[in-house]
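> Structure below; questions to follow.
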Amino acid sequence: MWRIALGVFAILLMGVTQSAQDVQPTCNMCPGGYVPKSEIDAYVTRAIANNLIDHQIRAVDIGKAHVGIGVVHRGKISNPNANVAEHDLVSEVYHVIDGSATLVLGPDLIGKVRRPATDTTVQMLNGPGTTSTGIRNGVVYEIKAGDVVIIPAGTGHQFTKIDDHITYLMMRVDPDKVTPTKNEAQSKADLLTDGRASAGGGTGARFTPPGKAPAR
């Protein structure tokens with residue numbers, strides 16, 4: 001009996017091994033990437049100088065999805081009724097670099113209004129979504145340098161208080177590839193501008209008309 005059991009196990013093991021050997025990478029012969037700290041710092045410096053908030057630094061095709069790397073700088077606020085942002089298709093991960101804030105998260109949104117398709121944030125950064133007036137049963141987090149925040153697509157996020165400022169690295173996961181890619185050369189070209197046409201939000205930002213590339 002044990003010989004039969006060992007034989008069956010050996011056949012199953014061979015099948016698993018063969019199956020593992022048949023697996024192919026989801027991104028065929030794709031190169032890696034690198035973003036130096038100096039480039040991130042350049043975006044933050046420009047954001048502060050021009051009253052901008054959100055910039056995409058890179059966006060790469062990894063086979064089954066696009067992954068974006070951005071940096072966000074927000075100034076001081078204290079507003080329990082601040083607008084809530086939500087993205088339908090793009091999930092986000094924050095890694096706080098500097099500063100602190102009160103962030104509210106939750107999927108049950110109040111008073112949702114679609115974001116215009118012409119918004120730079122929709123076209124270039126995080127795809128279609130809504131702006132809402134509040135979050136039912138939202139969970140409050142006090143975030144600070146070193147913390148990580150995970151925001152699935154469809155989850156509202158609301159900054160109700162920023163003590164002085166907050167700067168965070170942004171990773172965007174876009175499985176539907178609704179946002180464009182951005183390589184190192186495009187990033188360098190972007191940094192030669194004032195950033196107003198490529199930034200998402202901020203008093204210095206301006207929206208790009210549909211079908212028109214950001215000014216260089």
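Chain lettering (A, B, ...) mirrors the order of the structure tokens, residue numbering begins at 1 for each chain separately, and ligand numbering begins at 1 in order of display.
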Based on the backbone DSSP call, show me all residues of range 26-198 of chain A assigned alpha helix (DSSP H), as a short mmCIF file (atom, residue, chain, number, x, y, z; two decimals) with N, CA, C and O atoms, in the first residue's frame.


data_model
loop_
_atom_site.label_atom_id
_atom_site.label_comp_id
_atom_site.auth_asym_id
_atom_site.auth_seq_id
_atom_site.Cartn_x
_atom_site.Cartn_y
_atom_site.Cartn_z
N LYS A 37 17.03 59.97 -5.49
CA LYS A 37 16.46 60.92 -4.52
C LYS A 37 16.49 62.34 -5.05
O LYS A 37 15.57 63.13 -4.80
N SER A 38 17.53 62.68 -5.81
CA SER A 38 17.64 64.04 -6.34
C SER A 38 16.46 64.40 -7.24
O SER A 38 16.00 65.54 -7.27
N GLU A 39 15.95 63.41 -7.98
CA GLU A 39 14.82 63.66 -8.87
C GLU A 39 13.54 63.86 -8.05
O GLU A 39 12.73 64.76 -8.36
N ILE A 40 13.37 63.06 -7.03
CA ILE A 40 12.21 63.23 -6.14
C ILE A 40 12.26 64.61 -5.48
O ILE A 40 11.26 65.34 -5.44
N ASP A 41 13.44 64.98 -4.99
CA ASP A 41 13.60 66.28 -4.34
C ASP A 41 13.29 67.43 -5.30
O ASP A 41 12.73 68.46 -4.89
N ALA A 42 13.64 67.27 -6.57
CA ALA A 42 13.39 68.32 -7.56
C ALA A 42 11.90 68.55 -7.74
O ALA A 42 11.44 69.69 -7.86
N TYR A 43 11.13 67.47 -7.73
CA TYR A 43 9.67 67.61 -7.84
C TYR A 43 9.09 68.29 -6.60
O TYR A 43 8.18 69.13 -6.70
N VAL A 44 9.59 67.93 -5.42
CA VAL A 44 9.09 68.54 -4.19
C VAL A 44 9.42 70.03 -4.17
O VAL A 44 8.56 70.87 -3.83
N THR A 45 10.64 70.38 -4.54
CA THR A 45 11.04 71.80 -4.58
C THR A 45 10.15 72.58 -5.52
O THR A 45 9.69 73.69 -5.21
N ARG A 46 9.87 72.02 -6.69
CA ARG A 46 9.00 72.71 -7.66
C ARG A 46 7.57 72.81 -7.15
O ARG A 46 6.90 73.83 -7.35
N ALA A 47 7.10 71.78 -6.48
CA ALA A 47 5.74 71.80 -5.93
C ALA A 47 5.58 72.92 -4.91
O ALA A 47 4.59 73.66 -4.93
N ILE A 48 6.56 73.07 -4.04
CA ILE A 48 6.50 74.13 -3.02
C ILE A 48 6.57 75.51 -3.67
O ILE A 48 5.80 76.42 -3.32
N ALA A 49 7.46 75.67 -4.64
CA ALA A 49 7.65 76.97 -5.29
C ALA A 49 6.42 77.41 -6.06
O ALA A 49 6.10 78.61 -6.11
N ASN A 50 5.68 76.46 -6.66
CA ASN A 50 4.58 76.81 -7.55
C ASN A 50 3.20 76.44 -7.01
O ASN A 50 2.21 76.45 -7.75
N THR A 120 -6.57 66.92 -15.11
CA THR A 120 -5.23 66.35 -15.24
C THR A 120 -5.07 65.12 -14.36
O THR A 120 -4.43 64.13 -14.76
N GLU A 184 12.01 57.99 -17.91
CA GLU A 184 12.99 58.93 -17.34
C GLU A 184 13.15 60.17 -18.20
O GLU A 184 13.20 61.30 -17.68
N ALA A 185 13.19 60.00 -19.52
CA ALA A 185 13.34 61.15 -20.41
C ALA A 185 12.15 62.10 -20.30
O ALA A 185 12.31 63.33 -20.29
N GLN A 186 10.95 61.54 -20.21
CA GLN A 186 9.76 62.37 -20.07
C GLN A 186 9.74 63.10 -18.73
O GLN A 186 9.28 64.24 -18.64
N SER A 187 10.25 62.44 -17.70
CA SER A 187 10.34 63.08 -16.39
C SER A 187 11.30 64.26 -16.42
O SER A 187 11.02 65.33 -15.89
N LYS A 188 12.46 64.06 -17.06
CA LYS A 188 13.44 65.15 -17.15
C LYS A 188 12.87 66.33 -17.94
O LYS A 188 13.10 67.50 -17.59
N ALA A 189 12.11 66.02 -19.01
CA ALA A 189 11.49 67.09 -19.79
C ALA A 189 10.44 67.82 -18.96
O ALA A 189 10.32 69.05 -19.03
N ASP A 190 9.70 67.08 -18.16
CA ASP A 190 8.70 67.69 -17.28
C ASP A 190 9.35 68.65 -16.29
O ASP A 190 8.85 69.75 -16.03
N LEU A 191 10.49 68.24 -15.73
CA LEU A 191 11.16 69.08 -14.74
C LEU A 191 11.73 70.37 -15.33
O LEU A 191 12.10 71.29 -14.58
#

> Write out as a PDB file with N, CA, C and O atoms, in the first residue's frame the set of residues from range 39-161 of chain A that DSSP, computed on the backbone, places in strand (DSSP E).


ATOM      1  N   ASP A  54       0.526  67.223  -6.552  1.00  0.00           N
ATOM      2  CA  ASP A  54       0.794  65.833  -6.921  1.00  0.00           C
ATOM      3  C   ASP A  54       1.498  65.756  -8.266  1.00  0.00           C
ATOM      4  O   ASP A  54       1.041  66.363  -9.245  1.00  0.00           O
ATOM      5  N   HIS A  55       2.611  65.021  -8.318  1.00  0.00           N
ATOM      6  CA  HIS A  55       3.319  64.817  -9.577  1.00  0.00           C
ATOM      7  C   HIS A  55       3.638  63.345  -9.780  1.00  0.00           C
ATOM      8  O   HIS A  55       4.059  62.663  -8.848  1.00  0.00           O
ATOM      9  N   GLN A  56       3.461  62.877 -10.991  1.00  0.00           N
ATOM     10  CA  GLN A  56       3.904  61.539 -11.368  1.00  0.00           C
ATOM     11  C   GLN A  56       5.361  61.632 -11.830  1.00  0.00           C
ATOM     12  O   GLN A  56       5.687  62.475 -12.680  1.00  0.00           O
ATOM     13  N   ILE A  57       6.220  60.795 -11.278  1.00  0.00           N
ATOM     14  CA  ILE A  57       7.630  60.788 -11.653  1.00  0.00           C
ATOM     15  C   ILE A  57       7.902  59.717 -12.707  1.00  0.00           C
ATOM     16  O   ILE A  57       8.590  59.959 -13.698  1.00  0.00           O
ATOM     17  N   ARG A  58       7.381  58.533 -12.463  1.00  0.00           N
ATOM     18  CA  ARG A  58       7.476  57.437 -13.411  1.00  0.00           C
ATOM     19  C   ARG A  58       6.127  56.724 -13.480  1.00  0.00           C
ATOM     20  O   ARG A  58       5.376  56.705 -12.510  1.00  0.00           O
ATOM     21  N   ALA A  59       5.871  56.100 -14.624  1.00  0.00           N
ATOM     22  CA  ALA A  59       4.756  55.163 -14.751  1.00  0.00           C
ATOM     23  C   ALA A  59       5.197  54.111 -15.759  1.00  0.00           C
ATOM     24  O   ALA A  59       5.489  54.443 -16.907  1.00  0.00           O
ATOM     25  N   VAL A  60       5.289  52.866 -15.312  1.00  0.00           N
ATOM     26  CA  VAL A  60       5.870  51.821 -16.151  1.00  0.00           C
ATOM     27  C   VAL A  60       4.874  50.686 -16.368  1.00  0.00           C
ATOM     28  O   VAL A  60       4.013  50.410 -15.516  1.00  0.00           O
ATOM     29  N   ASP A  61       5.011  50.039 -17.512  1.00  0.00           N
ATOM     30  CA  ASP A  61       4.204  48.870 -17.848  1.00  0.00           C
ATOM     31  C   ASP A  61       4.924  47.636 -17.311  1.00  0.00           C
ATOM     32  O   ASP A  61       6.050  47.344 -17.715  1.00  0.00           O
ATOM     33  N   HIS A  66      -0.006  48.862 -15.046  1.00  0.00           N
ATOM     34  CA  HIS A  66       0.914  49.988 -14.966  1.00  0.00           C
ATOM     35  C   HIS A  66       1.177  50.270 -13.490  1.00  0.00           C
ATOM     36  O   HIS A  66       0.264  50.173 -12.662  1.00  0.00           O
ATOM     37  N   VAL A  67       2.414  50.609 -13.170  1.00  0.00           N
ATOM     38  CA  VAL A  67       2.755  51.033 -11.816  1.00  0.00           C
ATOM     39  C   VAL A  67       3.358  52.426 -11.897  1.00  0.00           C
ATOM     40  O   VAL A  67       4.320  52.653 -12.645  1.00  0.00           O
ATOM     41  N   GLY A  68       2.776  53.357 -11.149  1.00  0.00           N
ATOM     42  CA  GLY A  68       3.262  54.729 -11.137  1.00  0.00           C
ATOM     43  C   GLY A  68       3.971  55.047  -9.842  1.00  0.00           C
ATOM     44  O   GLY A  68       3.599  54.543  -8.774  1.00  0.00           O
ATOM     45  N   ILE A  69       5.002  55.876  -9.942  1.00  0.00           N
ATOM     46  CA  ILE A  69       5.705  56.397  -8.770  1.00  0.00           C
ATOM     47  C   ILE A  69       5.592  57.921  -8.821  1.00  0.00           C
ATOM     48  O   ILE A  69       6.007  58.553  -9.800  1.00  0.00           O
ATOM     49  N   GLY A  70       5.024  58.495  -7.793  1.00  0.00           N
ATOM     50  CA  GLY A  70       4.871  59.941  -7.742  1.00  0.00           C
ATOM     51  C   GLY A  70       5.294  60.476  -6.391  1.00  0.00           C
ATOM     52  O   GLY A  70       5.691  59.724  -5.497  1.00  0.00           O
ATOM     53  N   VAL A  71       5.215  61.802  -6.261  1.00  0.00           N
ATOM     54  CA  VAL A  71       5.485  62.436  -4.977  1.00  0.00           C
ATOM     55  C   VAL A  71       4.441  63.528  -4.772  1.00  0.00           C
ATOM     56  O   VAL A  71       4.046  64.220  -5.711  1.00  0.00           O
ATOM     57  N   VAL A  72       3.962  63.634  -3.535  1.00  0.00           N
ATOM     58  CA  VAL A  72       2.898  64.576  -3.192  1.00  0.00           C
ATOM     59  C   VAL A  72       3.362  65.457  -2.042  1.00  0.00           C
ATOM     60  O   VAL A  72       3.933  64.965  -1.062  1.00  0.00           O
ATOM     61  N   HIS A  73       3.107  66.754  -2.177  1.00  0.00           N
ATOM     62  CA  HIS A  73       3.392  67.690  -1.086  1.00  0.00           C
ATOM     63  C   HIS A  73       2.132  68.497  -0.795  1.00  0.00           C
ATOM     64  O   HIS A  73       1.590  69.148  -1.692  1.00  0.00           O
ATOM     65  N   ARG A  74       1.673  68.459   0.437  1.00  0.00           N
ATOM     66  CA  ARG A  74       0.480  69.201   0.849  1.00  0.00           C
ATOM     67  C   ARG A  74       0.831  70.152   1.982  1.00  0.00           C
ATOM     68  O   ARG A  74       1.575  69.792   2.901  1.00  0.00           O
ATOM     69  N   GLY A  75       0.266  71.352   1.914  1.00  0.00           N
ATOM     70  CA  GLY A  75       0.502  72.343   2.945  1.00  0.00           C
ATOM     71  C   GLY A  75      -0.491  72.246   4.092  1.00  0.00           C
ATOM     72  O   GLY A  75      -1.392  71.399   4.100  1.00  0.00           O
ATOM     73  N   LYS A  76      -0.334  73.110   5.053  1.00  0.00           N
ATOM     74  CA  LYS A  76      -1.127  73.106   6.282  1.00  0.00           C
ATOM     75  C   LYS A  76      -2.611  73.317   6.003  1.00  0.00           C
ATOM     76  O   LYS A  76      -2.989  74.214   5.249  1.00  0.00           O
ATOM     77  N   ILE A  77      -3.464  72.485   6.618  1.00  0.00           N
ATOM     78  CA  ILE A  77      -4.912  72.680   6.569  1.00  0.00           C
ATOM     79  C   ILE A  77      -5.518  72.223   7.894  1.00  0.00           C
ATOM     80  O   ILE A  77      -4.915  71.441   8.641  1.00  0.00           O
ATOM     81  N   SER A  78      -6.726  72.700   8.162  1.00  0.00           N
ATOM     82  CA  SER A  78      -7.526  72.193   9.275  1.00  0.00           C
ATOM     83  C   SER A  78      -8.977  72.340   8.852  1.00  0.00           C
ATOM     84  O   SER A  78      -9.569  73.411   8.957  1.00  0.00           O
ATOM     85  N   VAL A  84     -13.380  64.623  -0.195  1.00  0.00           N
ATOM     86  CA  VAL A  84     -12.901  63.246  -0.186  1.00  0.00           C
ATOM     87  C   VAL A  84     -12.586  62.841  -1.629  1.00  0.00           C
ATOM     88  O   VAL A  84     -13.397  63.055  -2.530  1.00  0.00           O
ATOM     89  N   ALA A  85     -11.420  62.255  -1.851  1.00  0.00           N
ATOM     90  CA  ALA A  85     -11.051  61.748  -3.175  1.00  0.00           C
ATOM     91  C   ALA A  85     -11.250  60.239  -3.217  1.00  0.00           C
ATOM     92  O   ALA A  85     -11.060  59.545  -2.215  1.00  0.00           O
ATOM     93  N   GLU A  86     -11.637  59.746  -4.402  1.00  0.00           N
ATOM     94  CA  GLU A  86     -11.790  58.298  -4.615  1.00  0.00           C
ATOM     95  C   GLU A  86     -11.437  57.998  -6.058  1.00  0.00           C
ATOM     96  O   GLU A  86     -11.813  58.753  -6.968  1.00  0.00           O
ATOM     97  N   HIS A  87     -10.710  56.894  -6.280  1.00  0.00           N
ATOM     98  CA  HIS A  87     -10.317  56.494  -7.630  1.00  0.00           C
ATOM     99  C   HIS A  87     -10.914  55.118  -7.919  1.00  0.00           C
ATOM    100  O   HIS A  87     -10.738  54.182  -7.145  1.00  0.00           O
ATOM    101  N   SER A  91      -5.346  51.810  -7.414  1.00  0.00           N
ATOM    102  CA  SER A  91      -5.059  51.737  -5.978  1.00  0.00           C
ATOM    103  C   SER A  91      -3.776  52.512  -5.682  1.00  0.00           C
ATOM    104  O   SER A  91      -2.919  52.671  -6.559  1.00  0.00           O
ATOM    105  N   GLU A  92      -3.649  52.983  -4.438  1.00  0.00           N
ATOM    106  CA  GLU A  92      -2.505  53.809  -4.076  1.00  0.00           C
ATOM    107  C   GLU A  92      -1.862  53.325  -2.786  1.00  0.00           C
ATOM    108  O   GLU A  92      -2.535  52.808  -1.887  1.00  0.00           O
ATOM    109  N   VAL A  93      -0.554  53.514  -2.708  1.00  0.00           N
ATOM    110  CA  VAL A  93       0.197  53.257  -1.479  1.00  0.00           C
ATOM    111  C   VAL A  93       1.026  54.497  -1.182  1.00  0.00           C
ATOM    112  O   VAL A  93       1.753  54.983  -2.052  1.00  0.00           O
ATOM    113  N   TYR A  94       0.892  55.031   0.036  1.00  0.00           N
ATOM    114  CA  TYR A  94       1.691  56.186   0.458  1.00  0.00           C
ATOM    115  C   TYR A  94       2.830  55.712   1.359  1.00  0.00           C
ATOM    116  O   TYR A  94       2.634  54.856   2.219  1.00  0.00           O
ATOM    117  N   HIS A  95       3.993  56.316   1.203  1.00  0.00           N
ATOM    118  CA  HIS A  95       5.070  56.199   2.188  1.00  0.00           C
ATOM    119  C   HIS A  95       5.432  57.618   2.591  1.00  0.00           C
ATOM    120  O   HIS A  95       5.957  58.386   1.779  1.00  0.00           O
ATOM    121  N   VAL A  96       5.112  57.962   3.832  1.00  0.00           N
ATOM    122  CA  VAL A  96       5.303  59.343   4.289  1.00  0.00           C
ATOM    123  C   VAL A  96       6.798  59.620   4.465  1.00  0.00           C
ATOM    124  O   VAL A  96       7.500  58.913   5.182  1.00  0.00           O
ATOM    125  N   ILE A  97       7.254  60.676   3.799  1.00  0.00           N
ATOM    126  CA  ILE A  97       8.654  61.082   3.857  1.00  0.00           C
ATOM    127  C   ILE A  97       8.880  62.094   4.966  1.00  0.00           C
ATOM    128  O   ILE A  97       9.856  62.019   5.723  1.00  0.00           O
ATOM    129  N   ASP A  98       7.945  63.053   5.078  1.00  0.00           N
ATOM    130  CA  ASP A  98       8.150  64.159   6.014  1.00  0.00           C
ATOM    131  C   ASP A  98       6.797  64.736   6.401  1.00  0.00           C
ATOM    132  O   ASP A  98       5.847  64.716   5.615  1.00  0.00           O
ATOM    133  N   GLY A  99       6.699  65.250   7.633  1.00  0.00           N
ATOM    134  CA  GLY A  99       5.480  65.898   8.090  1.00  0.00           C
ATOM    135  C   GLY A  99       4.496  64.940   8.725  1.00  0.00           C
ATOM    136  O   GLY A  99       4.797  63.749   8.933  1.00  0.00           O
ATOM    137  N   SER A 100       3.296  65.448   9.018  1.00  0.00           N
ATOM    138  CA  SER A 100       2.269  64.638   9.677  1.00  0.00           C
ATOM    139  C   SER A 100       0.893  65.178   9.312  1.00  0.00           C
ATOM    140  O   SER A 100       0.741  66.337   8.929  1.00  0.00           O
ATOM    141  N   ALA A 101      -0.119  64.297   9.452  1.00  0.00           N
ATOM    142  CA  ALA A 101      -1.467  64.687   9.060  1.00  0.00           C
ATOM    143  C   ALA A 101      -2.490  63.738   9.662  1.00  0.00           C
ATOM    144  O   ALA A 101      -2.161  62.638  10.116  1.00  0.00           O
ATOM    145  N   THR A 102      -3.752  64.171   9.636  1.00  0.00           N
ATOM    146  CA  THR A 102      -4.890  63.329   9.982  1.00  0.00           C
ATOM    147  C   THR A 102      -5.552  62.903   8.679  1.00  0.00           C
ATOM    148  O   THR A 102      -5.977  63.748   7.885  1.00  0.00           O
ATOM    149  N   LEU A 103      -5.639  61.597   8.465  1.00  0.00           N
ATOM    150  CA  LEU A 103      -6.187  61.046   7.229  1.00  0.00           C
ATOM    151  C   LEU A 103      -7.353  60.134   7.576  1.00  0.00           C
ATOM    152  O   LEU A 103      -7.252  59.288   8.462  1.00  0.00           O
ATOM    153  N   VAL A 104      -8.469  60.319   6.863  1.00  0.00           N
ATOM    154  CA  VAL A 104      -9.653  59.488   7.069  1.00  0.00           C
ATOM    155  C   VAL A 104      -9.842  58.606   5.837  1.00  0.00           C
ATOM    156  O   VAL A 104      -9.790  59.095   4.703  1.00  0.00           O
ATOM    157  N   LEU A 105     -10.078  57.299   6.066  1.00  0.00           N
ATOM    158  CA  LEU A 105     -10.259  56.342   4.973  1.00  0.00           C
ATOM    159  C   LEU A 105     -11.579  55.596   5.137  1.00  0.00           C
ATOM    160  O   LEU A 105     -12.004  55.293   6.256  1.00  0.00           O
ATOM    161  N   GLY A 106     -12.207  55.269   4.011  1.00  0.00           N
ATOM    162  CA  GLY A 106     -13.410  54.448   4.035  1.00  0.00           C
ATOM    163  C   GLY A 106     -14.073  54.378   2.676  1.00  0.00           C
ATOM    164  O   GLY A 106     -13.939  55.297   1.861  1.00  0.00           O
ATOM    165  N   LEU A 109     -19.114  56.439   0.738  1.00  0.00           N
ATOM    166  CA  LEU A 109     -18.947  57.864   0.476  1.00  0.00           C
ATOM    167  C   LEU A 109     -20.277  58.601   0.392  1.00  0.00           C
ATOM    168  O   LEU A 109     -21.272  58.064  -0.091  1.00  0.00           O
ATOM    169  N   ILE A 110     -20.257  59.856   0.828  1.00  0.00           N
ATOM    170  CA  ILE A 110     -21.447  60.705   0.860  1.00  0.00           C
ATOM    171  C   ILE A 110     -21.337  61.774  -0.225  1.00  0.00           C
ATOM    172  O   ILE A 110     -20.314  62.443  -0.346  1.00  0.00           O
ATOM    173  N   VAL A 113     -19.611  62.993  -6.552  1.00  0.00           N
ATOM    174  CA  VAL A 113     -19.713  63.718  -7.820  1.00  0.00           C
ATOM    175  C   VAL A 113     -18.564  63.247  -8.704  1.00  0.00           C
ATOM    176  O   VAL A 113     -17.410  63.192  -8.257  1.00  0.00           O
ATOM    177  N   ARG A 114     -18.869  62.898  -9.959  1.00  0.00           N
ATOM    178  CA  ARG A 114     -17.832  62.425 -10.862  1.00  0.00           C
ATOM    179  C   ARG A 114     -16.813  63.515 -11.141  1.00  0.00           C
ATOM    180  O   ARG A 114     -17.165  64.688 -11.314  1.00  0.00           O
ATOM    181  N   GLY A 129     -12.765  58.774 -11.260  1.00  0.00           N
ATOM    182  CA  GLY A 129     -13.105  58.670  -9.843  1.00  0.00           C
ATOM    183  C   GLY A 129     -14.110  59.731  -9.464  1.00  0.00           C
ATOM    184  O   GLY A 129     -14.726  60.369 -10.313  1.00  0.00           O
ATOM    185  N   THR A 130     -14.267  59.927  -8.163  1.00  0.00           N
ATOM    186  CA  THR A 130     -15.257  60.873  -7.658  1.00  0.00           C
ATOM    187  C   THR A 130     -14.656  61.779  -6.581  1.00  0.00           C
ATOM    188  O   THR A 130     -13.621  61.467  -5.986  1.00  0.00           O
ATOM    189  N   THR A 131     -15.342  62.885  -6.363  1.00  0.00           N
ATOM    190  CA  THR A 131     -15.100  63.747  -5.205  1.00  0.00           C
ATOM    191  C   THR A 131     -16.347  63.701  -4.347  1.00  0.00           C
ATOM    192  O   THR A 131     -17.463  63.805  -4.872  1.00  0.00           O
ATOM    193  N   SER A 132     -16.184  63.521  -3.046  1.00  0.00           N
ATOM    194  CA  SER A 132     -17.317  63.376  -2.139  1.00  0.00           C
ATOM    195  C   SER A 132     -17.225  64.378  -0.993  1.00  0.00           C
ATOM    196  O   SER A 132     -16.172  64.980  -0.753  1.00  0.00           O
ATOM    197  N   GLY A 134     -18.055  63.503   2.237  1.00  0.00           N
ATOM    198  CA  GLY A 134     -17.748  62.856   3.503  1.00  0.00           C
ATOM    199  C   GLY A 134     -17.656  61.351   3.368  1.00  0.00           C
ATOM    200  O   GLY A 134     -17.922  60.777   2.307  1.00  0.00           O
ATOM    201  N   ILE A 135     -17.269  60.691   4.486  1.00  0.00           N
ATOM    202  CA  ILE A 135     -17.137  59.235   4.542  1.00  0.00           C
ATOM    203  C   ILE A 135     -17.933  58.722   5.742  1.00  0.00           C
ATOM    204  O   ILE A 135     -17.672  59.135   6.884  1.00  0.00           O
ATOM    205  N   VAL A 139     -12.427  55.602   9.026  1.00  0.00           N
ATOM    206  CA  VAL A 139     -11.415  55.298  10.044  1.00  0.00           C
ATOM    207  C   VAL A 139     -10.354  56.391  10.005  1.00  0.00           C
ATOM    208  O   VAL A 139      -9.819  56.715   8.937  1.00  0.00           O
ATOM    209  N   VAL A 140     -10.047  56.944  11.171  1.00  0.00           N
ATOM    210  CA  VAL A 140      -9.114  58.069  11.284  1.00  0.00           C
ATOM    211  C   VAL A 140      -7.720  57.553  11.620  1.00  0.00           C
ATOM    212  O   VAL A 140      -7.546  56.750  12.550  1.00  0.00           O
ATOM    213  N   TYR A 141      -6.736  58.042  10.875  1.00  0.00           N
ATOM    214  CA  TYR A 141      -5.342  57.677  11.110  1.00  0.00           C
ATOM    215  C   TYR A 141      -4.509  58.942  11.285  1.00  0.00           C
ATOM    216  O   TYR A 141      -4.669  59.904  10.532  1.00  0.00           O
ATOM    217  N   GLU A 142      -3.633  58.919  12.275  1.00  0.00           N
ATOM    218  CA  GLU A 142      -2.659  59.999  12.452  1.00  0.00           C
ATOM    219  C   GLU A 142      -1.359  59.508  11.821  1.00  0.00           C
ATOM    220  O   GLU A 142      -0.692  58.625  12.362  1.00  0.00           O
ATOM    221  N   ILE A 143      -1.024  60.055  10.669  1.00  0.00           N
ATOM    222  CA  ILE A 143       0.127  59.542   9.933  1.00  0.00           C
ATOM    223  C   ILE A 143       1.315  60.493  10.053  1.00  0.00           C
ATOM    224  O   ILE A 143       1.141  61.710  10.185  1.00  0.00           O
ATOM    225  N   LYS A 144       2.517  59.926   9.984  1.00  0.00           N
ATOM    226  CA  LYS A 144       3.746  60.695  10.176  1.00  0.00           C
ATOM    227  C   LYS A 144       4.865  60.056   9.357  1.00  0.00           C
ATOM    228  O   LYS A 144       4.677  58.987   8.751  1.00  0.00           O
ATOM    229  N   VAL A 148       3.195  53.963   6.366  1.00  0.00           N
ATOM    230  CA  VAL A 148       2.721  53.524   5.053  1.00  0.00           C
ATOM    231  C   VAL A 148       1.198  53.421   5.090  1.00  0.00           C
ATOM    232  O   VAL A 148       0.623  52.940   6.071  1.00  0.00           O
ATOM    233  N   VAL A 149       0.545  53.888   4.035  1.00  0.00           N
ATOM    234  CA  VAL A 149      -0.911  53.863   3.925  1.00  0.00           C
ATOM    235  C   VAL A 149      -1.283  53.113   2.648  1.00  0.00           C
ATOM    236  O   VAL A 149      -0.708  53.366   1.583  1.00  0.00           O
ATOM    237  N   ILE A 150      -2.249  52.194   2.736  1.00  0.00           N
ATOM    238  CA  ILE A 150      -2.727  51.441   1.579  1.00  0.00           C
ATOM    239  C   ILE A 150      -4.167  51.854   1.297  1.00  0.00           C
ATOM    240  O   ILE A 150      -5.032  51.775   2.176  1.00  0.00           O
ATOM    241  N   ILE A 151      -4.434  52.291   0.059  1.00  0.00           N
ATOM    242  CA  ILE A 151      -5.758  52.773  -0.319  1.00  0.00           C
ATOM    243  C   ILE A 151      -6.222  52.001  -1.561  1.00  0.00           C
ATOM    244  O   ILE A 151      -5.828  52.330  -2.683  1.00  0.00           O
ATOM    245  N   GLY A 156     -12.384  55.898  -0.268  1.00  0.00           N
ATOM    246  CA  GLY A 156     -12.221  57.337  -0.129  1.00  0.00           C
ATOM    247  C   GLY A 156     -11.077  57.684   0.791  1.00  0.00           C
ATOM    248  O   GLY A 156     -10.790  56.958   1.750  1.00  0.00           O
ATOM    249  N   HIS A 157     -10.423  58.816   0.515  1.00  0.00           N
ATOM    250  CA  HIS A 157      -9.350  59.296   1.385  1.00  0.00           C
ATOM    251  C   HIS A 157      -9.482  60.816   1.528  1.00  0.00           C
ATOM    252  O   HIS A 157      -9.685  61.533   0.559  1.00  0.00           O
ATOM    253  N   GLN A 158      -9.361  61.253   2.770  1.00  0.00           N
ATOM    254  CA  GLN A 158      -9.663  62.637   3.136  1.00  0.00           C
ATOM    255  C   GLN A 158      -8.656  63.150   4.165  1.00  0.00           C
ATOM    256  O   GLN A 158      -8.551  62.604   5.260  1.00  0.00           O
ATOM    257  N   PHE A 159      -7.923  64.189   3.799  1.00  0.00           N
ATOM    258  CA  PHE A 159      -7.046  64.861   4.756  1.00  0.00           C
ATOM    259  C   PHE A 159      -7.854  65.946   5.470  1.00  0.00           C
ATOM    260  O   PHE A 159      -8.245  66.939   4.858  1.00  0.00           O
ATOM    261  N   THR A 160      -8.113  65.746   6.758  1.00  0.00           N
ATOM    262  CA  THR A 160      -8.878  66.734   7.518  1.00  0.00           C
ATOM    263  C   THR A 160      -7.978  67.711   8.278  1.00  0.00           C
ATOM    264  O   THR A 160      -8.427  68.791   8.661  1.00  0.00           O
ATOM    265  N   LYS A 161      -6.715  67.313   8.505  1.00  0.00           N
ATOM    266  CA  LYS A 161      -5.775  68.201   9.182  1.00  0.00           C
ATOM    267  C   LYS A 161      -4.352  67.864   8.749  1.00  0.00           C
ATOM    268  O   LYS A 161      -3.980  66.687   8.701  1.00  0.00           O
TER     269      LYS A 161
END

> In Å, rounded to a single decimal, give me how far CA of Asp174 in chain A is from CA of Thr155 in chain A.

14.5 Å

> With only C-alpha atoms as the basis for distance, which of A:Gly63, A:Pro107, A:Pro152, A:Gly146 is at the shortest distance from Gln24 in chain A?

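So, comparing all the options, the nearest one is A:Gly63.
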
> Of the candidates A:Asn126, A:Ile53, A:Asp88, A:Gly111, which one gets nearest to Ile166 in chain A if we count only C-alpha atoms?

A:Ile53
